[in-house]
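Right, one structure below, let's go through it.
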Amino acid sequence: MILADKIIELRKRNNWSQEELAEQLGVSRQAISKWESAQSTPDLERIIAMSRLFGVSTDYLVKDEIESKIIQGEVEESGSPLRRLSMEEANAFLNAKLQSAKQIAFGVWLCIMAAIPLVLSEIWNKQSFAEPLGFIIAALIVAGAVALFLLNGFKLKAFKWMEKEPFETAYGVDGMVKERLQSFMPKFVIHIVIGVVLCIVALATFVASDFLPQIIRIERNAVVAVGLAIIAIAVYLFVSAGIIRGAFSGLLQEDDYRPDKKVLGKKIEPIVGIYWLAVTAIYLAYSFITMEWHRSWIIWPVSGVLCGVLYIILELIYGKKINK
């Protein structure tokens with residue numbers, strides 16, 4: 001095992017991010033990143049500092065032939081070794097996520113678009129078949145979305161363990177993932193920027209639905225339908241980019257995929273799942289009762305912010321219990 005892999009392994013064992021390790025060593029995050037990708041090597045002073053910080057000898061850090069004893073210690077303590085993720089598995093996971101990202105995002109797009117037939121059915125409210133037809137079309141669209149979610153869930157089931165269990169990566173995996181992440185980031189930024197712009201345009205469309213029918217001959221609900229379609233495109237961009245970005249974070253075990261976060265996630269996920277079921281029920285109940293689809297969409301961004309607050313509170317509560 002080379003020095004780069006040993007630094008990665010030791011940092012992850014301590015549940016530190018690159019920024020946290022850099023702060024303790026008095027270097028930049030970019031320096032840690034270069035060390036871990038074998039683009040440069042730390043000087044003698046930093047190697048000594050790391051040996052003290054990690055509790056290992058300098059010989060262990062600099063001599064490739066000395067293998068890690070940390071994993072053996074963890075095996076004795078937990079009774080089972082950490083699973084090692086091979087290069088083949090990492091590539092298979094990324095490829096599966098790249099394929100499913102568009103399909104899952106399309107499913108979310110369909111869920112939002114399902115509201116449009118219901119909105120447009122009010123334009124032909126004099127026709128007895130208008131409302132039932134709107135419901136039928138909406139139900140078929142939602143059924144298609146659910147089918148996509150289930151199919152992709154089965155495809156990704158083989159990799160589900162990566163979201164819940166800590167693991168170690170084979171030689172070269174972290175470097176490969178970082179290289180692919182770096183090439184993806186410009187596309188990620190473009191998706192987010194376009195999505196934000198579309199959300200602003202959609203908001204302007206909803207506002208215009210109150211006065212535009214008075215200026216030109218157009219139904220108010222038709223304007224609302226256009227706004228919903230724009231929102232659907234924005235959400236598609238957010239979801240597809242977010243899934244792919246999350247896949248890279250999952251392989252690097254960073255952000256929400258750090259080992260300590262995975263432990264917390266097992267406790268928090270059921271609560272968050274119940275929260276989103278409640279939000280969905282409130283959204284559908286309010287929308288169907290009032291038929292104000294042009295206003296009810298605001299429930300989702302508000303719920304997203306509140307979910308973030310809820311997650312932070314739960315992390316504080318369960319984090320203290322785990323650390324005791």
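The chains in the structure tokens are called A, B, ... from first to last as shown; in each chain the residues are counted from 1, and the ligands are counted from 1 in the order shown.
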message = I'd like to know which residues of stretch 70-283 of chain A are alpha helix (DSSP H) (by DSSP, run on the backbone); could you write them as a ChimeraX atom specification?
response = /A:70-78,87-113,115-121,130-155,161-164,173-208,212-215,220-252,259-283
key: Contacts of stretch 150-165 of chain A within 10 Å, only C-alpha atoms, excl. fewer than 4 positions in-chain, as a ChimeraX atom specification   = /A:82-83,85,89-90,92-93,96-97,99-101,103-104,145-146,247,250-251,253,256-266
request  = Name the closest residue to A:Ala105 among the candidates A:Ala229, A:Leu316, A:Leu148, A:Leu284; distances are taken between atoms, counting only C-alpha atoms.
outcome  = A:Leu148
query = Counting only C-alpha atoms, what is within 8 Å of A:Ser33, bar same-chain residues fewer than 4 positions away, as number ranges by chain?
reply = A: 18, 29, 37
query = In Å, how far is it from atom CA of A:Leu118 to atom CA of A:Ser287?
reply =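 Separating atom CA of A:Leu118 from atom CA of A:Ser287 is a distance of 10.0 Å.
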